[in-house]
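Structure data follow from final-v9.cif (mmCIF, C-alpha atoms and all ligand atoms):
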data_my_file
loop_
_atom_site.label_atom_id
_atom_site.label_comp_id
_atom_site.auth_asym_id
_atom_site.auth_seq_id
_atom_site.Cartn_x
_atom_site.Cartn_y
_atom_site.Cartn_z
CA MET I 1 -13.89 59.49 -37.88
CA SER I 2 -11.80 62.54 -38.87
CA SER I 3 -13.66 65.81 -39.28
CA HIS I 4 -13.15 65.64 -43.06
CA LYS I 5 -14.64 62.14 -43.19
CA GLU I 6 -17.46 63.28 -40.93
CA ASN I 7 -18.29 66.12 -43.33
CA GLU I 8 -18.33 63.66 -46.21
CA ALA I 9 -20.61 61.32 -44.24
CA TRP I 10 -23.07 64.18 -43.62
CA LYS I 11 -23.00 65.09 -47.32
CA GLU I 12 -23.75 61.47 -48.19
CA ALA I 13 -26.56 61.50 -45.61
CA SER I 14 -28.11 64.64 -47.16
CA ILE I 15 -28.24 62.94 -50.56
CA MET I 16 -29.88 59.86 -48.97
CA GLU I 17 -32.53 62.07 -47.34
CA ASP I 18 -33.46 63.70 -50.68
CA ARG I 19 -37.14 64.69 -50.43
CA THR I 20 -37.81 63.93 -54.09
CA PHE I 21 -36.97 60.22 -53.59
CA ARG I 22 -39.43 57.87 -55.29
CA PRO I 23 -39.10 54.07 -55.04
CA THR I 24 -38.15 52.56 -58.42
CA ASN I 25 -36.52 49.34 -59.63
CA SER I 26 -33.20 51.10 -60.15
CA ASN I 27 -32.97 52.18 -56.50
CA SER I 28 -34.26 48.74 -55.37
CA GLY I 29 -37.45 50.41 -54.17
CA ARG I 30 -35.90 51.53 -50.93
CA ARG I 31 -34.42 54.73 -49.66
CA LYS I 32 -30.84 54.40 -48.36
CA VAL I 33 -30.32 54.95 -44.66
CA PRO I 34 -28.04 57.80 -43.51
CA PHE I 35 -25.15 56.87 -41.17
CA TYR I 36 -26.67 58.44 -38.04
CA LYS I 37 -29.67 56.08 -38.09
CA VAL I 38 -27.53 52.94 -37.63
CA LEU I 39 -25.18 52.49 -34.65
CA GLN I 40 -21.55 52.37 -35.69
CA GLY I 41 -20.41 48.73 -35.93
CA MET I 42 -23.67 47.31 -34.53
CA PRO I 43 -26.64 45.69 -36.35
CA ILE I 44 -29.00 48.17 -34.71
CA ALA I 45 -31.10 50.98 -36.24
CA VAL I 46 -32.94 53.64 -34.24
CA ASP I 47 -36.10 55.44 -35.44
CA ALA I 48 -35.37 54.25 -38.98
CA PHE I 49 -38.57 52.58 -40.20
CA LYS I 50 -38.87 54.47 -43.46
CA TYR I 51 -35.81 52.74 -44.94
CA GLY I 52 -37.40 49.27 -45.20
CA ALA I 53 -35.18 46.24 -44.48
CA ILE I 54 -31.79 47.80 -43.76
CA PRO I 55 -28.80 45.65 -44.82
CA GLY I 56 -27.20 43.95 -41.80
CA VAL I 57 -29.71 45.32 -39.25
CA THR I 58 -31.27 42.71 -36.93
CA ALA I 59 -32.84 45.01 -34.32
CA TYR I 60 -35.03 48.06 -34.95
CA PHE I 61 -35.40 50.42 -32.00
CA LEU I 62 -38.12 53.05 -31.55
CA THR I 63 -37.52 55.87 -29.05
CA HIS I 64 -41.17 57.03 -28.81
CA ALA I 65 -44.51 57.08 -30.58
CA HIS I 66 -44.34 60.43 -32.40
CA SER I 67 -45.01 60.19 -36.12
CA ASP I 68 -41.71 61.68 -37.33
CA HIS I 69 -39.91 58.85 -35.50
CA TYR I 70 -42.04 55.93 -36.69
CA THR I 71 -42.59 57.05 -40.32
CA ASN I 72 -43.74 54.06 -42.46
CA LEU I 73 -44.25 51.72 -39.51
CA SER I 74 -47.57 49.99 -40.12
CA SER I 75 -49.59 46.78 -39.90
CA SER I 76 -47.55 45.39 -42.80
CA TRP I 77 -44.15 45.65 -41.06
CA THR I 78 -42.08 42.47 -41.53
CA ASN I 79 -38.48 43.75 -41.53
CA GLY I 80 -37.41 42.60 -38.08
CA PRO I 81 -38.01 42.83 -34.34
CA ILE I 82 -38.93 46.25 -32.92
CA TYR I 83 -37.67 47.15 -29.43
CA CYS I 84 -39.15 49.95 -27.32
CA SER I 85 -40.67 50.73 -23.91
CA GLU I 86 -43.93 49.13 -22.82
CA GLY I 87 -45.87 52.39 -23.26
CA THR I 88 -44.55 52.87 -26.80
CA ALA I 89 -45.26 49.20 -27.62
CA ASN I 90 -48.92 49.63 -26.56
CA LEU I 91 -49.22 52.83 -28.59
CA ILE I 92 -47.84 51.45 -31.87
CA MET I 93 -49.95 48.30 -31.62
CA HIS I 94 -53.05 50.43 -30.93
CA MET I 95 -52.48 53.37 -33.31
CA LEU I 96 -50.58 51.71 -36.17
CA LYS I 97 -51.77 48.11 -35.77
CA VAL I 98 -48.18 46.84 -35.84
CA PRO I 99 -48.44 43.02 -35.42
CA ARG I 100 -47.75 41.99 -31.83
CA ASN I 101 -45.18 39.33 -32.85
CA TRP I 102 -42.72 42.03 -34.02
CA VAL I 103 -43.03 44.23 -30.94
CA HIS I 104 -40.74 43.63 -27.96
CA ALA I 105 -41.33 45.81 -24.89
CA LEU I 106 -38.20 46.20 -22.80
CA PRO I 107 -38.05 47.06 -19.09
CA MET I 108 -36.88 50.50 -17.97
CA ASP I 109 -33.49 50.99 -16.24
CA LYS I 110 -32.43 47.35 -16.53
CA PRO I 111 -29.59 46.31 -18.87
CA THR I 112 -30.97 43.75 -21.33
CA VAL I 113 -29.03 41.75 -23.96
CA ILE I 114 -30.58 42.11 -27.43
CA PRO I 115 -30.75 38.82 -29.39
CA ASN I 116 -28.77 38.53 -32.66
CA THR I 117 -26.71 41.66 -32.10
CA GLY I 118 -23.40 40.12 -31.04
CA GLY I 119 -24.21 40.60 -27.36
CA VAL I 120 -25.13 44.29 -27.30
CA GLN I 121 -26.81 45.35 -24.05
CA VAL I 122 -29.35 48.13 -23.87
CA THR I 123 -30.72 50.13 -20.93
CA LEU I 124 -33.88 52.23 -21.34
CA ILE I 125 -33.91 55.55 -19.51
CA GLU I 126 -37.06 57.72 -19.14
CA ALA I 127 -36.60 60.53 -21.70
CA ASN I 128 -38.81 63.18 -20.06
CA HIS I 129 -40.52 63.75 -23.43
CA CYS I 130 -43.92 62.19 -24.17
CA PRO I 131 -45.34 59.11 -22.40
CA GLY I 132 -43.35 55.96 -23.20
CA SER I 133 -40.39 57.94 -24.57
CA SER I 134 -36.96 56.61 -23.68
CA LEU I 135 -33.27 57.16 -24.14
CA PHE I 136 -31.31 54.07 -25.16
CA PHE I 137 -27.92 53.36 -23.65
CA PHE I 138 -26.13 50.70 -25.73
CA GLU I 139 -22.99 48.88 -24.68
CA GLY I 140 -21.12 46.24 -26.69
CA SER I 141 -18.43 45.57 -29.23
CA GLN I 142 -18.54 46.35 -32.92
CA THR I 143 -19.35 43.27 -34.97
CA VAL I 144 -20.68 44.46 -38.32
CA ASN I 145 -20.84 47.42 -40.70
CA ALA I 146 -24.61 47.53 -41.13
CA GLY I 147 -26.57 50.08 -43.15
CA ASP I 148 -25.84 51.78 -46.46
CA SER I 149 -23.10 54.24 -45.54
CA SER I 150 -19.87 54.01 -47.53
CA PHE I 151 -17.96 54.92 -44.36
CA LYS I 152 -16.93 51.72 -42.60
CA SER I 153 -15.74 51.40 -39.03
CA ALA I 154 -12.16 50.20 -38.42
CA PHE I 155 -13.17 48.72 -35.06
CA VAL I 156 -15.41 45.94 -36.35
CA GLY I 157 -14.06 42.70 -34.93
CA SER I 158 -11.98 44.39 -32.23
CA PRO I 159 -12.72 43.46 -28.59
CA ARG I 160 -13.13 47.10 -27.53
CA VAL I 161 -16.44 47.91 -25.86
CA PHE I 162 -18.34 50.88 -27.30
CA ARG I 163 -21.00 52.91 -25.54
CA TYR I 164 -23.69 54.88 -27.33
CA LEU I 165 -26.41 57.03 -25.80
CA HIS I 166 -29.34 57.64 -28.14
CA CYS I 167 -31.49 60.50 -26.85
CA GLY I 168 -34.39 60.25 -29.34
CA ASP I 169 -36.43 63.31 -28.35
CA PHE I 170 -35.82 64.31 -24.75
CA ARG I 171 -35.91 67.09 -22.20
CA ALA I 172 -32.54 66.87 -20.48
CA SER I 173 -32.49 66.85 -16.69
CA PRO I 174 -29.94 66.03 -13.96
CA ARG I 175 -31.63 62.62 -13.64
CA HIS I 176 -30.21 61.65 -17.04
CA VAL I 177 -26.59 62.25 -16.11
CA LEU I 178 -27.06 60.78 -12.62
CA HIS I 179 -28.51 57.56 -14.03
CA PRO I 180 -26.32 54.56 -13.07
CA ALA I 181 -26.01 53.54 -16.74
CA VAL I 182 -24.47 56.92 -17.64
CA LYS I 183 -22.73 58.17 -14.50
CA GLY I 184 -18.95 57.76 -14.43
CA LYS I 185 -18.72 56.20 -17.91
CA ARG I 186 -17.21 57.61 -21.06
CA ILE I 187 -19.75 57.46 -23.86
CA ASP I 188 -18.39 57.19 -27.40
CA HIS I 189 -21.35 58.57 -29.33
CA VAL I 190 -24.25 60.65 -28.08
CA TYR I 191 -27.15 61.05 -30.53
CA LEU I 192 -28.54 64.38 -29.43
CA ASP I 193 -32.02 65.89 -29.84
CA THR I 194 -30.85 69.28 -31.08
CA THR I 195 -34.33 70.77 -31.67
CA TYR I 196 -33.48 73.88 -29.59
CA LEU I 197 -29.69 74.03 -29.90
CA ASP I 198 -29.74 77.81 -30.30
CA PRO I 199 -29.29 80.34 -27.42
CA LYS I 200 -32.58 82.06 -28.26
CA TYR I 201 -34.45 79.07 -26.78
CA THR I 202 -34.18 79.74 -23.07
CA PHE I 203 -37.69 78.76 -21.92
CA PRO I 204 -38.19 78.00 -18.21
CA PRO I 205 -37.80 74.61 -16.47
CA GLN I 206 -40.72 72.31 -17.11
CA PRO I 207 -41.64 71.43 -13.48
CA LEU I 208 -41.98 75.17 -12.72
CA VAL I 209 -44.25 75.69 -15.72
CA ILE I 210 -46.41 72.72 -14.72
CA SER I 211 -46.91 74.00 -11.18
CA ALA I 212 -47.54 77.54 -12.47
CA CYS I 213 -50.37 76.23 -14.69
CA ALA I 214 -51.87 74.26 -11.80
CA GLU I 215 -51.65 77.28 -9.49
CA LEU I 216 -53.18 79.61 -12.09
CA ALA I 217 -56.05 77.18 -12.72
CA LYS I 218 -56.67 76.93 -8.98
CA ARG I 219 -56.72 80.68 -8.54
CA ILE I 220 -58.99 81.29 -11.51
CA ALA I 221 -61.39 78.54 -10.44
CA GLY I 222 -61.41 79.92 -6.91
CA GLY I 223 -62.02 83.44 -8.23
CA SER I 224 -58.96 84.77 -6.47
CA VAL I 225 -56.75 85.90 -9.26
CA VAL I 226 -54.99 88.87 -7.74
CA GLY I 227 -51.45 88.45 -9.05
CA THR I 228 -49.66 91.74 -9.66
CA LYS I 229 -49.32 91.09 -13.37
CA MET I 230 -52.93 90.02 -13.82
CA ASN I 231 -55.08 92.62 -15.47
CA GLY I 232 -58.83 93.10 -15.96
CA TRP I 233 -61.00 90.02 -15.82
CA LEU I 234 -60.99 88.80 -12.26
CA SER I 235 -58.76 91.36 -10.59
CA ALA I 236 -61.65 93.57 -9.54
CA VAL I 237 -63.82 90.98 -7.87
CA THR I 238 -66.69 92.40 -5.88
CA ARG I 239 -68.34 90.53 -3.02
CA GLU I 240 -71.45 90.02 -5.09
CA ALA I 241 -69.42 88.65 -7.96
CA LYS I 242 -67.63 86.33 -5.55
CA GLU I 243 -70.95 84.94 -4.33
CA LYS I 244 -72.05 84.41 -7.89
CA GLN I 245 -68.79 82.68 -8.72
CA LYS I 246 -69.46 80.02 -6.11
CA LEU I 247 -72.29 78.87 -8.33
CA ASP I 248 -70.22 79.21 -11.44
CA ARG I 249 -67.91 76.67 -12.92
CA THR I 250 -64.82 77.47 -14.92
CA LEU I 251 -63.74 75.01 -17.59
CA MET I 252 -60.02 74.60 -18.21
CA VAL I 253 -59.32 73.51 -21.79
CA VAL I 254 -55.84 72.26 -22.59
CA GLY I 255 -54.60 71.74 -26.14
CA THR I 256 -52.30 68.83 -27.02
CA TYR I 257 -51.07 66.83 -30.00
CA SER I 258 -51.69 63.08 -30.21
CA ILE I 259 -49.49 62.26 -27.22
CA GLY I 260 -47.52 64.51 -24.87
CA LYS I 261 -48.23 67.39 -22.44
CA GLU I 262 -50.35 65.11 -20.22
CA ARG I 263 -48.40 66.32 -17.19
CA ILE I 264 -49.99 69.79 -17.32
CA VAL I 265 -53.43 68.25 -17.49
CA LYS I 266 -52.76 65.94 -14.56
CA ALA I 267 -51.34 68.70 -12.39
CA MET I 268 -54.34 70.95 -13.12
CA ALA I 269 -56.89 68.23 -12.43
CA GLN I 270 -55.16 67.32 -9.18
CA ALA I 271 -55.01 70.97 -8.08
CA LEU I 272 -58.72 71.42 -8.84
CA ARG I 273 -59.63 67.98 -7.45
CA THR I 274 -61.53 67.23 -10.60
CA LYS I 275 -61.62 64.75 -13.47
CA VAL I 276 -60.25 64.99 -16.99
CA TYR I 277 -62.42 64.61 -20.08
CA CYS I 278 -61.38 63.96 -23.67
CA ASP I 279 -63.05 62.22 -26.63
CA ALA I 280 -63.09 58.42 -26.99
CA ARG I 281 -60.24 58.35 -29.53
CA LYS I 282 -57.93 60.30 -27.26
CA THR I 283 -59.05 58.32 -24.19
CA ALA I 284 -58.01 55.07 -25.91
CA ILE I 285 -54.56 56.57 -26.58
CA LEU I 286 -54.22 57.70 -22.96
CA ARG I 287 -55.20 54.19 -21.83
CA CYS I 288 -52.19 52.80 -23.76
CA GLN I 289 -49.84 54.75 -21.53
CA CYS I 290 -48.47 53.18 -18.36
CA ASP I 291 -49.88 55.88 -16.08
CA PRO I 292 -52.43 54.58 -13.54
CA GLU I 293 -52.66 58.02 -11.93
CA LEU I 294 -53.84 59.52 -15.21
CA HIS I 295 -56.24 56.64 -15.86
CA LEU I 296 -57.95 57.30 -12.51
CA LEU I 297 -58.58 60.91 -13.50
CA LEU I 298 -60.32 60.12 -16.79
CA THR I 299 -64.08 60.39 -17.24
CA SER I 300 -66.31 59.92 -20.28
CA ASN I 301 -68.74 62.57 -19.04
CA PRO I 302 -67.66 66.06 -20.11
CA LEU I 303 -69.83 67.68 -17.44
CA ASP I 304 -68.02 65.78 -14.68
CA ALA I 305 -64.65 67.30 -15.52
CA LEU I 306 -63.37 70.83 -15.05
CA VAL I 307 -60.38 69.97 -17.25
CA HIS I 308 -60.87 69.06 -20.92
CA LEU I 309 -58.15 67.83 -23.23
CA VAL I 310 -58.59 68.91 -26.87
CA PRO I 311 -56.50 69.07 -30.07
CA LEU I 312 -54.07 72.01 -29.97
CA GLY I 313 -55.87 73.66 -32.91
CA VAL I 314 -58.97 74.23 -30.74
CA ILE I 315 -57.05 76.68 -28.53
CA THR I 316 -57.73 79.83 -30.55
CA SER I 317 -60.37 82.33 -29.43
CA ASP I 318 -62.84 81.45 -32.19
CA ARG I 319 -62.60 77.70 -31.96
CA LEU I 320 -62.53 77.68 -28.19
CA LYS I 321 -65.71 79.77 -28.15
CA GLU I 322 -67.33 77.21 -30.42
CA TYR I 323 -66.14 74.36 -28.18
CA VAL I 324 -67.46 75.94 -24.99
CA GLU I 325 -70.79 76.73 -26.67
CA ARG I 326 -71.52 72.98 -26.57
CA TYR I 327 -71.58 73.07 -22.79
CA LYS I 328 -73.59 76.26 -22.38
CA GLY I 329 -75.34 76.34 -19.06
CA TYR I 330 -72.88 73.97 -17.43
CA PHE I 331 -69.82 76.17 -17.40
CA SER I 332 -69.93 79.92 -17.06
CA ARG I 333 -66.39 80.61 -18.19
CA ALA I 334 -63.57 78.86 -20.00
CA VAL I 335 -59.83 79.21 -19.94
CA GLY I 336 -57.76 77.83 -22.81
CA PHE I 337 -54.16 76.77 -22.33
CA ARG I 338 -51.92 76.45 -25.35
CA PRO I 339 -48.69 74.75 -24.35
CA THR I 340 -45.82 74.96 -26.80
CA GLY I 341 -42.13 75.77 -26.74
CA TRP I 342 -42.57 78.04 -29.73
CA THR I 343 -44.56 80.66 -27.79
CA TYR I 344 -41.47 81.71 -25.91
CA THR I 345 -39.68 84.91 -26.97
CA PRO I 346 -36.29 85.66 -25.43
CA PRO I 347 -35.87 88.92 -23.50
CA ALA I 348 -34.87 91.81 -25.77
CA GLY I 349 -31.15 92.49 -25.89
CA MET I 350 -30.19 88.99 -24.71
CA ASP I 351 -26.60 88.04 -25.56
CA LEU I 352 -26.86 85.33 -28.22
CA THR I 353 -23.19 84.30 -28.08
CA PRO I 354 -22.84 83.65 -24.35
CA SER I 355 -19.96 81.77 -22.73
CA VAL I 356 -20.69 78.32 -21.32
CA SER I 357 -20.51 79.64 -17.74
CA THR I 358 -23.03 82.40 -18.58
CA ILE I 359 -25.37 79.81 -20.08
CA ILE I 360 -25.13 77.71 -16.93
CA THR I 361 -25.76 80.68 -14.62
CA ARG I 362 -28.71 81.78 -16.76
CA SER I 363 -30.13 78.29 -16.52
CA GLN I 364 -29.81 78.14 -12.74
CA LYS I 365 -31.59 81.50 -12.39
CA ASN I 366 -34.40 80.69 -14.80
CA THR I 367 -37.64 80.75 -12.81
CA PHE I 368 -41.33 80.78 -13.59
CA ALA I 369 -44.54 81.29 -11.62
CA HIS I 370 -48.26 81.72 -12.31
CA THR I 371 -47.77 85.50 -12.17
CA ASP I 372 -45.61 85.21 -15.32
CA MET I 373 -48.60 84.05 -17.34
CA LEU I 374 -50.68 86.73 -19.00
CA PRO I 375 -54.01 86.24 -20.76
CA ALA I 376 -53.85 86.79 -24.52
CA ARG I 377 -55.16 90.12 -25.79
CA SER I 378 -58.20 88.45 -27.35
CA SER I 379 -59.38 87.28 -23.90
CA THR I 380 -62.83 88.35 -22.69
CA SER I 381 -64.68 88.10 -19.40
CA THR I 382 -65.90 84.61 -20.20
CA LEU I 383 -63.13 83.30 -22.38
CA GLN I 384 -59.46 83.53 -21.58
CA LEU I 385 -56.48 82.22 -23.44
CA TYR I 386 -53.01 81.55 -22.13
CA MET I 387 -49.87 80.68 -24.05
CA VAL I 388 -47.76 78.33 -21.96
CA PRO I 389 -43.98 78.18 -22.58
CA TYR I 390 -44.02 74.43 -22.18
CA SER I 391 -41.68 72.22 -24.13
CA GLU I 392 -40.94 68.53 -24.11
CA HIS I 393 -37.56 69.13 -25.76
CA SER I 394 -34.49 70.46 -23.92
CA SER I 395 -33.93 74.20 -23.87
CA PHE I 396 -30.57 75.47 -25.09
CA SER I 397 -29.26 75.86 -21.55
CA GLU I 398 -30.45 72.38 -20.56
CA LEU I 399 -28.58 70.90 -23.53
CA THR I 400 -25.49 72.77 -22.34
CA CYS I 401 -25.86 71.63 -18.70
CA PHE I 402 -26.44 68.07 -19.91
CA ALA I 403 -23.38 68.01 -22.20
CA MET I 404 -21.23 69.52 -19.46
CA SER I 405 -22.24 66.87 -16.89
CA PHE I 406 -20.92 63.58 -18.25
CA GLN I 407 -18.05 62.18 -20.30
CA TRP I 408 -18.52 61.81 -24.05
CA THR I 409 -16.36 61.63 -27.14
CA LYS I 410 -18.70 62.63 -29.94
CA MET I 411 -22.10 64.32 -30.20
CA ILE I 412 -24.19 63.53 -33.26
CA ALA I 413 -27.04 65.97 -33.91
CA THR I 414 -30.32 64.34 -34.95
CA VAL I 415 -32.53 67.42 -35.52
CA ASN I 416 -32.09 70.48 -37.82
CA ILE I 417 -29.43 68.61 -39.79
CA GLY I 418 -30.87 69.28 -43.26
CA SER I 419 -28.67 72.30 -44.01
CA GLU I 420 -24.91 72.61 -43.75
CA ASN I 421 -25.28 76.08 -42.28
CA SER I 422 -27.43 74.81 -39.41
CA ARG I 423 -25.05 71.85 -38.81
CA GLN I 424 -22.08 74.21 -38.64
CA LYS I 425 -23.82 76.47 -36.12
CA MET I 426 -24.55 73.44 -33.91
CA THR I 427 -21.01 72.10 -34.29
CA LYS I 428 -19.68 75.38 -32.87
CA TRP I 429 -21.68 74.87 -29.68
CA VAL I 430 -20.58 71.25 -29.39
CA GLN I 431 -16.96 72.38 -29.74
CA LYS I 432 -17.49 74.98 -27.00
CA TRP I 433 -18.90 72.31 -24.67
CA GLU I 434 -16.02 69.99 -25.47
CA ALA I 435 -13.41 72.65 -24.67
CA GLU I 436 -15.10 73.61 -21.38
CA ARG I 437 -15.71 70.01 -20.42
CA LYS I 438 -11.97 69.31 -20.75
CA LYS I 439 -11.26 71.94 -18.09
CA LYS I 440 -13.52 70.15 -15.58
CA GLY I 441 -12.80 66.98 -13.61
CA LYS I 442 -14.19 63.81 -15.10
CA ASP I 443 -16.90 63.51 -12.44
CA TYR I 444 -18.09 67.11 -12.85
CA VAL I 445 -21.85 67.62 -12.89
CA VAL I 446 -23.39 71.09 -13.29
CA GLU I 447 -24.92 72.11 -9.96
CA TYR I 448 -28.68 71.59 -10.07
CA ARG I 449 -31.59 73.01 -8.10
CA GLN I 450 -33.64 69.80 -8.15
CA PRO I 451 -32.99 66.34 -9.61
CA ASP I 452 -35.56 67.15 -12.32
CA TYR I 453 -34.15 70.50 -13.44
CA TRP I 454 -30.96 72.57 -13.46
ZN ZN I 501 -41.16 63.49 -30.08
#

Output the file's structure in the form of structure tokens.
Ligand SMILES: [Zn+2]
Amino acid sequence: MSSHKENEAWKEASIMEDRTFRPTNSNSGRRKVPFYKVLQGMPIAVDAFKYGAIPGVTAYFLTHAHSDHYTNLSSSWTNGPIYCSEGTANLIMHMLKVPRNWVHALPMDKPTVIPNTGGVQVTLIEANHCPGSSLFFFEGSQTVNAGDSSFKSAFVGSPRVFRYLHCGDFRASPRHVLHPAVKGKRIDHVYLDTTYLDPKYTFPPQPLVISACAELAKRIAGGSVVGTKMNGWLSAVTREAKEKQKLDRTLMVVGTYSIGKERIVKAMAQALRTKVYCDARKTAILRCQCDPELHLLLTSNPLDALVHLVPLGVITSDRLKEYVERYKGYFSRAVGFRPTGWTYTPPAGMDLTPSVSTIITRSQKNTFAHTDMLPARSSTSTLQLYMVPYSEHSSFSELTCFAMSFQWTKMIATVNIGSENSRQKMTKWVQKWEAERKKKGKDYVVEYRQPDYW
């Protein structure tokens, strides 16, 4: 597609996504699907359940069980087979009561031919987002112009094989570009989770944040918080206080949305050698996930667990106080952890138009330890609150490292695409990556510190 045509296609997509849309007879009761929800030339839609039965589509894919991706999927779904990972399949059958006969769980990492798609093969790759989330790598020829877009592909019917990588929501890591499905291949279209495609989002690598939380929890529970940046609270621990603390129990309370952020909870519970408690509704959701390690940690007795999992909204000083009040006499102190990417503020004076090589260097130097976590101002001697710069979407530098580490022809943004201004800003970064990528050999991969982060 030429850049003019691409602009027109985005304009058409914006009209289709009009928020004031109401189903009527004149619009056939269904919202039209924008071009980026249907794979070019293939009868396949991804995360496109709110558009009803899409013309020409025979396979509906779901990247993960977050509500903005499964909008309108319900017990009354009859529009066609749904393909996803096993974890996501369990979740949508449990939470949304989607009838089992429509749900097809696919194996991870193994190319599988999808029926009635003209022989398209798909490989699921762990997305490093929430449990069950996956990237889809599609490979096949173009056989049909499905969907509602007025822009048709000229390759339909040609024998050429096309490759598309749909990232859903993901946190990019070297593992993605080293995956055998991706490595060494040129990918025609990459559907990119552009949530944080802006240089101000430079939060630290996720594995470092997880171990920092576990370490902090361990030190607080052991009464040995002496980090240089720690102030007040436990830094002046007397012998007497230490003795008393042996009898005391500190409750760690972690806030989460419906699914996601379980890794922090697991790491904390393992570091403290304790169990994890959450209410019955949340427990049932956690049981849907294919994570035997997590299942072993769960308990239905809140007093048995030093780690509690609660809705994110509970992690404010007032509500946390209320929560802990319930367990008065069993825990002497509580520490709330509020994990979210939005808590991160970039260092003052940071260059917000860096070169690609600066972005990469910044990424490789980005570290994080328990000493980087400070209790919120509202913290008291018995109630502490920590903001955790934890995100399950790629940081700006991770998106850059990812894009620089494999061969692709076109990136299609899937987040923050509502305004032309935002799309243009993102396009500039994609163009920068493209230009830099051309200077590198085709097998170039950005040097990484560990397989799970750059
Ligand atoms: Zn998500």

> Taking into account all atoms listed in the file, which residue in the set I:Asp372, I:Asp18, I:Glu86, I:Asp169 is nearest to ligand ZN 501 (chain I)?
Replying inline: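 Distance minimum relative to ligand ZN 501 (chain I) lands on I:Asp169.
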
>> Just want the residues within 9 Å of ligand ZN 501 (chain I), written as a PyMOL selection string, counting only C-alpha atoms and all ligand atoms.
In response: chain I and resi 63-69+129-130+133+168-170+259-260+392-393

Go through stretch 130-203 of chain I and flag each residue having an atom no more than 12 Å from stretch 428-439 of chain I; for those, report the closest pair of atoms plus their distance in Å to one decimal, using all atoms listed in the file, ordered by chain and rising number, as CSV.
residue,atom,partner,partner_atom,distance
I:Val190,CA,I:Val430,CA,11.3
I:Leu192,CA,I:Val430,CA,10.5
I:Thr194,CA,I:Val430,CA,10.6
I:Tyr196,CA,I:Trp429,CA,11.8
I:Leu197,CA,I:Trp429,CA,8.1
I:Asp198,CA,I:Trp429,CA,8.6
I:Pro199,CA,I:Trp429,CA,9.6

> Using all atoms listed in the file, which residues sit within 12 Å of I:Ser28 once same-chain residues fewer than 4 positions away are excluded, as number ranges by chain?
Replying inline: I: 21-24, 32, 51-54

> Skipping near chain neighbours, those fewer than 6 positions away, what residues fall within 7 Å of stretch 376-389 of chain I using all atoms listed in the file, listed as a list in words?
Replying inline: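 The filter keeps Phe203, Trp233, Ser317, Ser332, Arg333, Ala334, Val335, Gly336, Phe337, Arg338, Pro339, Thr340, Gly341, Thr343 and Tyr344 of chain I.
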
> I:Glu8, I:Cys401, I:Gly441, I:Ile285: which is nearest I:Arg175, counting all atoms listed in the file?
Replying inline: I:Cys401

> Contacts of I:Asn90 at 12 Å or less, counting only C-alpha atoms, minus same-chain residues fewer than 5 places along, as a VMD selection string?
Replying inline: chain I and resid 64 to 65 83 to 85 95 to 100 103 to 106 131 to 132 284 to 290

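As for atom CA of I:Thr123 and atom CA of I:Ser150, they are spaced 29.0 Å apart.
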
> Using only C-alpha atoms, which of the listed residues (I:Thr316, I:Thr143, I:Thr88, I:Gln270) sits closest to I:Val254?
Replying inline: I:Thr316

> Quick one: distance from atom CA of I:Pro347 to atom CA of I:Ala212 in Å, one decimal?
Replying inline: 19.7 Å

Missing atoms of stretch 84-93 of chain I rebuilt to N, CA and C atoms, written as a compact mmCIF listing (two decimals), in the coordinates of the input:
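Once everything was written out, this is selection-v5.txt:
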# COMPACT_ATOMS: atom_id res chain seq x y z
N CYS I 84 -38.75 48.64 -27.87
CA CYS I 84 -39.15 49.95 -27.32
C CYS I 84 -39.66 49.75 -25.89
N SER I 85 -40.11 50.83 -25.26
CA SER I 85 -40.67 50.73 -23.91
C SER I 85 -42.07 50.11 -23.99
N GLU I 86 -42.60 49.74 -22.85
CA GLU I 86 -43.93 49.13 -22.82
C GLU I 86 -45.00 50.12 -23.31
N GLY I 87 -44.89 51.38 -22.86
CA GLY I 87 -45.87 52.39 -23.26
C GLY I 87 -45.87 52.59 -24.77
N THR I 88 -44.67 52.68 -25.35
CA THR I 88 -44.55 52.87 -26.80
C THR I 88 -45.07 51.64 -27.54
N ALA I 89 -44.78 50.45 -27.00
CA ALA I 89 -45.26 49.20 -27.62
C ALA I 89 -46.79 49.22 -27.68
N ASN I 90 -47.44 49.57 -26.57
CA ASN I 90 -48.92 49.63 -26.56
C ASN I 90 -49.42 50.61 -27.59
N LEU I 91 -48.76 51.78 -27.67
CA LEU I 91 -49.22 52.83 -28.59
C LEU I 91 -49.10 52.41 -30.05
N ILE I 92 -47.98 51.79 -30.43
CA ILE I 92 -47.84 51.45 -31.87
C ILE I 92 -48.74 50.27 -32.25
N MET I 93 -49.02 49.40 -31.29
CA MET I 93 -49.95 48.30 -31.62
C MET I 93 -51.37 48.86 -31.76
